[in-house]
$ cat final_37.pdb   # PDB, C-alpha atoms
ATOM      1  CA  VAL A   5      98.763 106.758 116.321  1.00  0.00           C
ATOM      2  CA  GLY A   6     102.313 108.097 116.264  1.00  0.00           C
ATOM      3  CA  ASN A   7     103.554 105.642 118.870  1.00  0.00           C
ATOM      4  CA  ILE A   8     106.301 103.172 118.077  1.00  0.00           C
ATOM      5  CA  VAL A   9     105.769  99.452 118.615  1.00  0.00           C
ATOM      6  CA  ALA A  10     108.472  96.789 118.777  1.00  0.00           C
ATOM      7  CA  VAL A  11     107.769  93.774 116.592  1.00  0.00           C
ATOM      8  CA  TYR A  12     109.879  90.649 117.104  1.00  0.00           C
ATOM      9  CA  ALA A  13     110.675  88.329 114.223  1.00  0.00           C
ATOM     10  CA  THR A  14     113.086  85.719 112.890  1.00  0.00           C
ATOM     11  CA  GLY A  15     114.699  85.242 109.511  1.00  0.00           C
ATOM     12  CA  LEU A  16     115.533  88.815 108.477  1.00  0.00           C
ATOM     13  CA  GLY A  17     119.018  87.881 107.331  1.00  0.00           C
ATOM     14  CA  VAL A  18     122.480  89.382 107.435  1.00  0.00           C
ATOM     15  CA  THR A  19     123.315  92.283 109.716  1.00  0.00           C
ATOM     16  CA  ASN A  20     125.961  94.959 109.927  1.00  0.00           C
ATOM     17  CA  PRO A  21     127.985  94.374 111.981  1.00  0.00           C
ATOM     18  CA  ALA A  22     127.788  90.667 111.230  1.00  0.00           C
ATOM     19  CA  VAL A  23     126.877  88.403 114.135  1.00  0.00           C
ATOM     20  CA  ARG A  24     127.850  84.734 114.046  1.00  0.00           C
ATOM     21  CA  SER A  25     125.143  82.109 114.370  1.00  0.00           C
ATOM     22  CA  GLY A  26     124.508  81.235 118.011  1.00  0.00           C
ATOM     23  CA  GLU A  27     126.089  84.448 119.270  1.00  0.00           C
ATOM     24  CA  ALA A  28     124.190  87.087 121.263  1.00  0.00           C
ATOM     25  CA  ALA A  29     123.545  90.328 119.404  1.00  0.00           C
ATOM     26  CA  PRO A  30     125.567  93.352 120.510  1.00  0.00           C
ATOM     27  CA  SER A  31     123.955  96.440 121.995  1.00  0.00           C
ATOM     28  CA  ASP A  32     126.722  98.821 120.914  1.00  0.00           C
ATOM     29  CA  PRO A  33     126.797  99.074 117.993  1.00  0.00           C
ATOM     30  CA  LEU A  34     123.386  97.669 117.113  1.00  0.00           C
ATOM     31  CA  ALA A  35     123.393  94.918 114.467  1.00  0.00           C
ATOM     32  CA  LYS A  36     121.108  96.343 111.752  1.00  0.00           C
ATOM     33  CA  VAL A  37     119.757  94.289 108.846  1.00  0.00           C
ATOM     34  CA  THR A  38     121.430  94.936 105.502  1.00  0.00           C
ATOM     35  CA  THR A  39     118.251  94.357 103.475  1.00  0.00           C
ATOM     36  CA  PRO A  40     115.702  97.088 104.282  1.00  0.00           C
ATOM     37  CA  VAL A  41     112.463  96.215 106.051  1.00  0.00           C
ATOM     38  CA  GLU A  42     109.202  98.005 105.258  1.00  0.00           C
ATOM     39  CA  ALA A  43     105.910  97.806 107.137  1.00  0.00           C
ATOM     40  CA  THR A  44     102.220  98.493 106.783  1.00  0.00           C
ATOM     41  CA  VAL A  45      99.713  98.983 109.574  1.00  0.00           C
ATOM     42  CA  GLY A  46      96.063  98.827 108.640  1.00  0.00           C
ATOM     43  CA  GLY A  47      97.135  98.845 104.994  1.00  0.00           C
ATOM     44  CA  LYS A  48      98.999 102.164 105.368  1.00  0.00           C
ATOM     45  CA  ALA A  49     102.765 102.530 104.954  1.00  0.00           C
ATOM     46  CA  ALA A  50     104.517 102.854 108.305  1.00  0.00           C
ATOM     47  CA  VAL A  51     107.946 104.247 109.154  1.00  0.00           C
ATOM     48  CA  VAL A  52     110.464 101.614 110.298  1.00  0.00           C
ATOM     49  CA  HIS A  53     112.841 103.266 112.775  1.00  0.00           C
ATOM     50  CA  PHE A  54     115.020 100.202 113.389  1.00  0.00           C
ATOM     51  CA  ALA A  55     115.337  96.697 111.990  1.00  0.00           C
ATOM     52  CA  GLY A  56     118.040  94.442 113.352  1.00  0.00           C
ATOM     53  CA  LEU A  57     118.958  91.887 115.945  1.00  0.00           C
ATOM     54  CA  ALA A  58     117.444  92.469 119.384  1.00  0.00           C
ATOM     55  CA  PRO A  59     120.373  93.374 121.659  1.00  0.00           C
ATOM     56  CA  THR A  60     121.635  90.527 123.921  1.00  0.00           C
ATOM     57  CA  TYR A  61     119.356  87.917 122.265  1.00  0.00           C
ATOM     58  CA  VAL A  62     120.380  85.092 119.950  1.00  0.00           C
ATOM     59  CA  GLY A  63     118.655  84.976 116.552  1.00  0.00           C
ATOM     60  CA  LEU A  64     115.823  87.345 117.496  1.00  0.00           C
ATOM     61  CA  TYR A  65     115.170  90.387 115.323  1.00  0.00           C
ATOM     62  CA  GLN A  66     113.440  93.563 116.465  1.00  0.00           C
ATOM     63  CA  VAL A  67     111.629  95.945 114.133  1.00  0.00           C
ATOM     64  CA  ASN A  68     110.488  99.294 115.555  1.00  0.00           C
ATOM     65  CA  VAL A  69     107.435 100.492 113.620  1.00  0.00           C
ATOM     66  CA  GLN A  70     105.642 103.836 114.014  1.00  0.00           C
ATOM     67  CA  ILE A  71     101.849 103.667 113.816  1.00  0.00           C
ATOM     68  CA  PRO A  72     100.906 105.919 110.862  1.00  0.00           C
ATOM     69  CA  ALA A  73      98.262 108.628 110.824  1.00  0.00           C
ATOM     70  CA  GLY A  74      94.977 107.652 109.246  1.00  0.00           C
ATOM     71  CA  VAL A  75      94.871 104.123 110.636  1.00  0.00           C
ATOM     72  CA  THR A  76      91.358 103.123 111.631  1.00  0.00           C
ATOM     73  CA  PRO A  77      91.412 102.122 115.310  1.00  0.00           C
ATOM     74  CA  GLY A  78      90.216  98.666 116.234  1.00  0.00           C
ATOM     75  CA  PRO A  79      90.912  95.530 118.255  1.00  0.00           C
ATOM     76  CA  ALA A  80      92.718  93.688 115.405  1.00  0.00           C
ATOM     77  CA  VAL A  81      94.502  96.078 113.017  1.00  0.00           C
ATOM     78  CA  PRO A  82      96.814  94.141 110.654  1.00  0.00           C
ATOM     79  CA  LEU A  83     100.587  94.746 110.677  1.00  0.00           C
ATOM     80  CA  ILE A  84     102.758  93.253 107.930  1.00  0.00           C
ATOM     81  CA  LEU A  85     106.527  93.476 107.467  1.00  0.00           C
ATOM     82  CA  PHE A  86     108.072  93.317 103.986  1.00  0.00           C
ATOM     83  CA  GLN A  87     111.606  92.514 102.927  1.00  0.00           C
ATOM     84  CA  ASN A  88     112.497  92.429  99.212  1.00  0.00           C
ATOM     85  CA  GLY A  89     108.758  92.776  98.567  1.00  0.00           C
ATOM     86  CA  VAL A  90     108.023  89.520 100.394  1.00  0.00           C
ATOM     87  CA  PRO A  91     105.341  89.872 103.102  1.00  0.00           C
ATOM     88  CA  SER A  92     105.590  88.359 106.544  1.00  0.00           C
ATOM     89  CA  ASN A  93     102.759  86.580 108.251  1.00  0.00           C
ATOM     90  CA  THR A  94     100.127  89.093 109.368  1.00  0.00           C
ATOM     91  CA  VAL A  95      99.942  89.992 113.039  1.00  0.00           C
ATOM     92  CA  THR A  96      97.283  92.182 114.603  1.00  0.00           C
ATOM     93  CA  LEU A  97      97.464  95.114 116.980  1.00  0.00           C
ATOM     94  CA  ALA A  98      94.784  96.699 119.124  1.00  0.00           C
ATOM     95  CA  ILE A  99      94.832 100.414 118.306  1.00  0.00           C
ATOM     96  CA  ARG A 100      92.695 103.055 119.936  1.00  0.00           C
TER      97      ARG A 100
END
$ encode --input "final_37.pdb" --output "structure tokens"
Amino acid sequence: VGNIVAVYATGLGVTNPAVRSGEAAPSDPLAKVTTPVEATVGGKAAVVHFAGLAPTYVGLYQVNVQIPAGVTPGPAVPLILFQNGVPSNTVTLAIR
């Protein structure tokens, strides 16, 4: 709880600065998504510290999510990203 995990995804859309298709993402400045990303962990709202293209990779997004207080520990705690209210596929985290 309180730690930040990096979640990797595809399909989060346009970034600022814009990065052309097939081009590696910059590391300075970071290419952040223009449509906000939200997250839940164990059904609780989680703070998203960064959502954008993973630096030096092509087409790979990185979302840094802080594990919220009150999450029940377990071997398969669900994490879901949301953009425009649309949920991602559910992934699970082991939290102790």
$ closest_residue --input "final_37.pdb" --among "A:Val62, A:Ala80, A:Val45, A:Val75" --to "A:Ala13" --atoms "only C-alpha atoms"
A:Val62
$ resolve_selection --input "final_37.pdb" --expression "the PyMOL selection byres ((chain A and resi 36) around 7)" --output "list in words"
Thr19, Asn20, Leu34, Ala35, Val37, Thr38, Ala55, Gly56 and Leu57 of chain A
$ resolve_selection --input "final_37.pdb" --expression "the PyMOL selection byres ((chain A and resi 83-99) around 9)" --output "JSON, numbers by chain"
{"A": [5, 16, 39, 40, 41, 42, 43, 44, 45, 46, 47, 67, 71, 75, 76, 77, 78, 79, 80, 81, 82, 100]}
$ write_last_selection --input "final_37.pdb" --atoms "C-alpha atoms" --output "tab-separated table (two decimals), in the coordinates of the input"
chain	number	residue	atom	x	y	z
A	5	VAL	CA	98.76	106.76	116.32
A	16	LEU	CA	115.53	88.82	108.48
A	39	THR	CA	118.25	94.36	103.48
A	40	PRO	CA	115.70	97.09	104.28
A	41	VAL	CA	112.46	96.22	106.05
A	42	GLU	CA	109.20	98.00	105.26
A	43	ALA	CA	105.91	97.81	107.14
A	44	THR	CA	102.22	98.49	106.78
A	45	VAL	CA	99.71	98.98	109.57
A	46	GLY	CA	96.06	98.83	108.64
A	47	GLY	CA	97.14	98.84	104.99
A	67	VAL	CA	111.63	95.94	114.13
A	71	ILE	CA	101.85	103.67	113.82
A	75	VAL	CA	94.87	104.12	110.64
A	76	THR	CA	91.36	103.12	111.63
A	77	PRO	CA	91.41	102.12	115.31
A	78	GLY	CA	90.22	98.67	116.23
A	79	PRO	CA	90.91	95.53	118.26
A	80	ALA	CA	92.72	93.69	115.40
A	81	VAL	CA	94.50	96.08	113.02
A	82	PRO	CA	96.81	94.14	110.65
A	100	ARG	CA	92.70	103.06	119.94
$ axis_aligned_box --input "final_37.pdb" --around "stretch 58-75 of chain A" --padding-each-side "5 Å" --output "JSON"
{"center_x": 108.3, "center_y": 96.8, "center_z": 116.6, "size_x": 36.8, "size_y": 33.7, "size_z": 24.7}
$ atom_distance --input "final_37.pdb" --atom1 "atom CA of A:Val18" --atom2 "atom CA of A:His53"
17.7 Å
$ closest_residue --input "final_37.pdb" --among "A:Ser25, A:Asn7, A:Gln70, A:Thr14" --to "A:Lys48" --atoms "all atoms listed in the file"
A:Gln70
$ atom_distance --input "final_37.pdb" --atom1 "atom CA of A:Pro72" --atom2 "atom CA of A:Gly6"
6.0 Å
$ closest_residue --input "final_37.pdb" --among "A:Tyr65, A:Gly74, A:Ala10, A:Val51" --to "A:Val23" --atoms "only C-alpha atoms"
A:Tyr65
$ atom_distance --input "final_37.pdb" --atom1 "atom CA of A:Val9" --atom2 "atom CA of A:Gly63"
19.5 Å
$ residues_around --input "final_37.pdb" --residues "A:Val11" --least-positions-apart "6" --cutoff "8 Å" --atoms "all atoms listed in the file" --output "list in words"
Gln66, Val67, Asn68 and Val69 of chain A
$ residues_near_point --input "final_37.pdb" --point "(123.5, 85.6, 120.8)" --cutoff "6 Å" --atoms "all atoms listed in the file" --output "ChimeraX atom specification"
/A:26-29,61-62
$ closest_residue --input "final_37.pdb" --among "A:Val52, A:Ser31, A:Pro59, A:Leu64" --to "A:Gly15" --atoms "all atoms listed in the file"
A:Leu64
$ build_atoms --input "final_37.pdb" --residues "stretch 62-73 of chain A" --atoms "all heavy atoms" --output "PDB file, keeping the file's coordinate frame"
ATOM      1  N   VAL A  62     119.793  85.908 121.011  1.00  0.00           N
ATOM      2  CA  VAL A  62     120.380  85.092 119.950  1.00  0.00           C
ATOM      3  C   VAL A  62     119.311  84.812 118.901  1.00  0.00           C
ATOM      4  O   VAL A  62     118.280  84.208 119.207  1.00  0.00           O
ATOM      5  CB  VAL A  62     120.927  83.760 120.520  1.00  0.00           C
ATOM      6  CG1 VAL A  62     121.436  82.870 119.404  1.00  0.00           C
ATOM      7  CG2 VAL A  62     122.012  84.021 121.544  1.00  0.00           C
ATOM      8  N   GLY A  63     119.537  85.294 117.669  1.00  0.00           N
ATOM      9  CA  GLY A  63     118.655  84.976 116.552  1.00  0.00           C
ATOM     10  C   GLY A  63     117.304  85.662 116.558  1.00  0.00           C
ATOM     11  O   GLY A  63     116.424  85.294 115.787  1.00  0.00           O
ATOM     12  N   LEU A  64     117.105  86.650 117.412  1.00  0.00           N
ATOM     13  CA  LEU A  64     115.823  87.345 117.496  1.00  0.00           C
ATOM     14  C   LEU A  64     115.977  88.752 116.918  1.00  0.00           C
ATOM     15  O   LEU A  64     116.845  89.511 117.347  1.00  0.00           O
ATOM     16  CB  LEU A  64     115.358  87.427 118.948  1.00  0.00           C
ATOM     17  CG  LEU A  64     114.011  88.107 119.181  1.00  0.00           C
ATOM     18  CD1 LEU A  64     112.878  87.283 118.561  1.00  0.00           C
ATOM     19  CD2 LEU A  64     113.771  88.300 120.673  1.00  0.00           C
ATOM     20  N   TYR A  65     115.141  89.069 115.947  1.00  0.00           N
ATOM     21  CA  TYR A  65     115.170  90.387 115.323  1.00  0.00           C
ATOM     22  C   TYR A  65     114.103  91.274 115.950  1.00  0.00           C
ATOM     23  O   TYR A  65     113.047  90.804 116.370  1.00  0.00           O
ATOM     24  CB  TYR A  65     114.908  90.285 113.820  1.00  0.00           C
ATOM     25  CG  TYR A  65     116.027  89.623 113.067  1.00  0.00           C
ATOM     26  CD1 TYR A  65     116.103  88.236 112.987  1.00  0.00           C
ATOM     27  CD2 TYR A  65     117.010  90.379 112.437  1.00  0.00           C
ATOM     28  CE1 TYR A  65     117.130  87.624 112.298  1.00  0.00           C
ATOM     29  CE2 TYR A  65     118.044  89.778 111.744  1.00  0.00           C
ATOM     30  CZ  TYR A  65     118.098  88.395 111.688  1.00  0.00           C
ATOM     31  OH  TYR A  65     119.119  87.786 111.002  1.00  0.00           O
ATOM     32  N   GLN A  66     114.383  92.575 115.963  1.00  0.00           N
ATOM     33  CA  GLN A  66     113.440  93.563 116.465  1.00  0.00           C
ATOM     34  C   GLN A  66     113.226  94.602 115.369  1.00  0.00           C
ATOM     35  O   GLN A  66     114.186  95.091 114.776  1.00  0.00           O
ATOM     36  CB  GLN A  66     113.998  94.238 117.716  1.00  0.00           C
ATOM     37  CG  GLN A  66     113.118  95.329 118.281  1.00  0.00           C
ATOM     38  CD  GLN A  66     113.707  95.922 119.554  1.00  0.00           C
ATOM     39  OE1 GLN A  66     114.414  95.248 120.297  1.00  0.00           O
ATOM     40  NE2 GLN A  66     113.400  97.185 119.797  1.00  0.00           N
ATOM     41  N   VAL A  67     111.969  94.918 115.115  1.00  0.00           N
ATOM     42  CA  VAL A  67     111.629  95.945 114.133  1.00  0.00           C
ATOM     43  C   VAL A  67     110.760  96.972 114.844  1.00  0.00           C
ATOM     44  O   VAL A  67     109.688  96.630 115.363  1.00  0.00           O
ATOM     45  CB  VAL A  67     110.880  95.345 112.918  1.00  0.00           C
ATOM     46  CG1 VAL A  67     110.564  96.423 111.893  1.00  0.00           C
ATOM     47  CG2 VAL A  67     111.695  94.216 112.283  1.00  0.00           C
ATOM     48  N   ASN A  68     111.231  98.221 114.909  1.00  0.00           N
ATOM     49  CA  ASN A  68     110.488  99.294 115.555  1.00  0.00           C
ATOM     50  C   ASN A  68     109.681 100.038 114.496  1.00  0.00           C
ATOM     51  O   ASN A  68     110.254 100.643 113.583  1.00  0.00           O
ATOM     52  CB  ASN A  68     111.434 100.245 116.282  1.00  0.00           C
ATOM     53  CG  ASN A  68     112.174  99.573 117.421  1.00  0.00           C
ATOM     54  OD1 ASN A  68     111.794  98.495 117.874  1.00  0.00           O
ATOM     55  ND2 ASN A  68     113.229 100.185 117.874  1.00  0.00           N
ATOM     56  N   VAL A  69     108.359  99.964 114.625  1.00  0.00           N
ATOM     57  CA  VAL A  69     107.435 100.492 113.620  1.00  0.00           C
ATOM     58  C   VAL A  69     106.582 101.592 114.241  1.00  0.00           C
ATOM     59  O   VAL A  69     106.006 101.401 115.309  1.00  0.00           O
ATOM     60  CB  VAL A  69     106.510  99.362 113.093  1.00  0.00           C
ATOM     61  CG1 VAL A  69     105.504  99.898 112.089  1.00  0.00           C
ATOM     62  CG2 VAL A  69     107.325  98.234 112.486  1.00  0.00           C
ATOM     63  N   GLN A  70     106.481 102.738 113.537  1.00  0.00           N
ATOM     64  CA  GLN A  70     105.642 103.836 114.014  1.00  0.00           C
ATOM     65  C   GLN A  70     104.243 103.689 113.419  1.00  0.00           C
ATOM     66  O   GLN A  70     104.093 103.515 112.205  1.00  0.00           O
ATOM     67  CB  GLN A  70     106.245 105.180 113.613  1.00  0.00           C
ATOM     68  CG  GLN A  70     105.499 106.356 114.203  1.00  0.00           C
ATOM     69  CD  GLN A  70     106.241 107.662 114.009  1.00  0.00           C
ATOM     70  OE1 GLN A  70     107.216 107.723 113.271  1.00  0.00           O
ATOM     71  NE2 GLN A  70     105.793 108.686 114.676  1.00  0.00           N
ATOM     72  N   ILE A  71     103.230 103.781 114.270  1.00  0.00           N
ATOM     73  CA  ILE A  71     101.849 103.667 113.816  1.00  0.00           C
ATOM     74  C   ILE A  71     101.515 104.922 112.998  1.00  0.00           C
ATOM     75  O   ILE A  71     101.618 106.040 113.511  1.00  0.00           O
ATOM     76  CB  ILE A  71     100.870 103.525 115.007  1.00  0.00           C
ATOM     77  CG1 ILE A  71     101.273 102.358 115.923  1.00  0.00           C
ATOM     78  CG2 ILE A  71      99.441 103.372 114.498  1.00  0.00           C
ATOM     79  CD1 ILE A  71     101.331 101.014 115.257  1.00  0.00           C
ATOM     80  N   PRO A  72     101.137 104.755 111.725  1.00  0.00           N
ATOM     81  CA  PRO A  72     100.906 105.919 110.862  1.00  0.00           C
ATOM     82  C   PRO A  72      99.569 106.617 111.123  1.00  0.00           C
ATOM     83  O   PRO A  72      98.621 105.999 111.624  1.00  0.00           O
ATOM     84  CB  PRO A  72     100.939 105.322 109.455  1.00  0.00           C
ATOM     85  CG  PRO A  72     100.490 103.922 109.634  1.00  0.00           C
ATOM     86  CD  PRO A  72     100.993 103.502 110.995  1.00  0.00           C
ATOM     87  N   ALA A  73      99.517 107.880 110.757  1.00  0.00           N
ATOM     88  CA  ALA A  73      98.262 108.628 110.824  1.00  0.00           C
ATOM     89  C   ALA A  73      97.274 108.012 109.835  1.00  0.00           C
ATOM     90  O   ALA A  73      97.666 107.441 108.817  1.00  0.00           O
ATOM     91  CB  ALA A  73      98.510 110.091 110.484  1.00  0.00           C
TER      92      ALA A  73
END
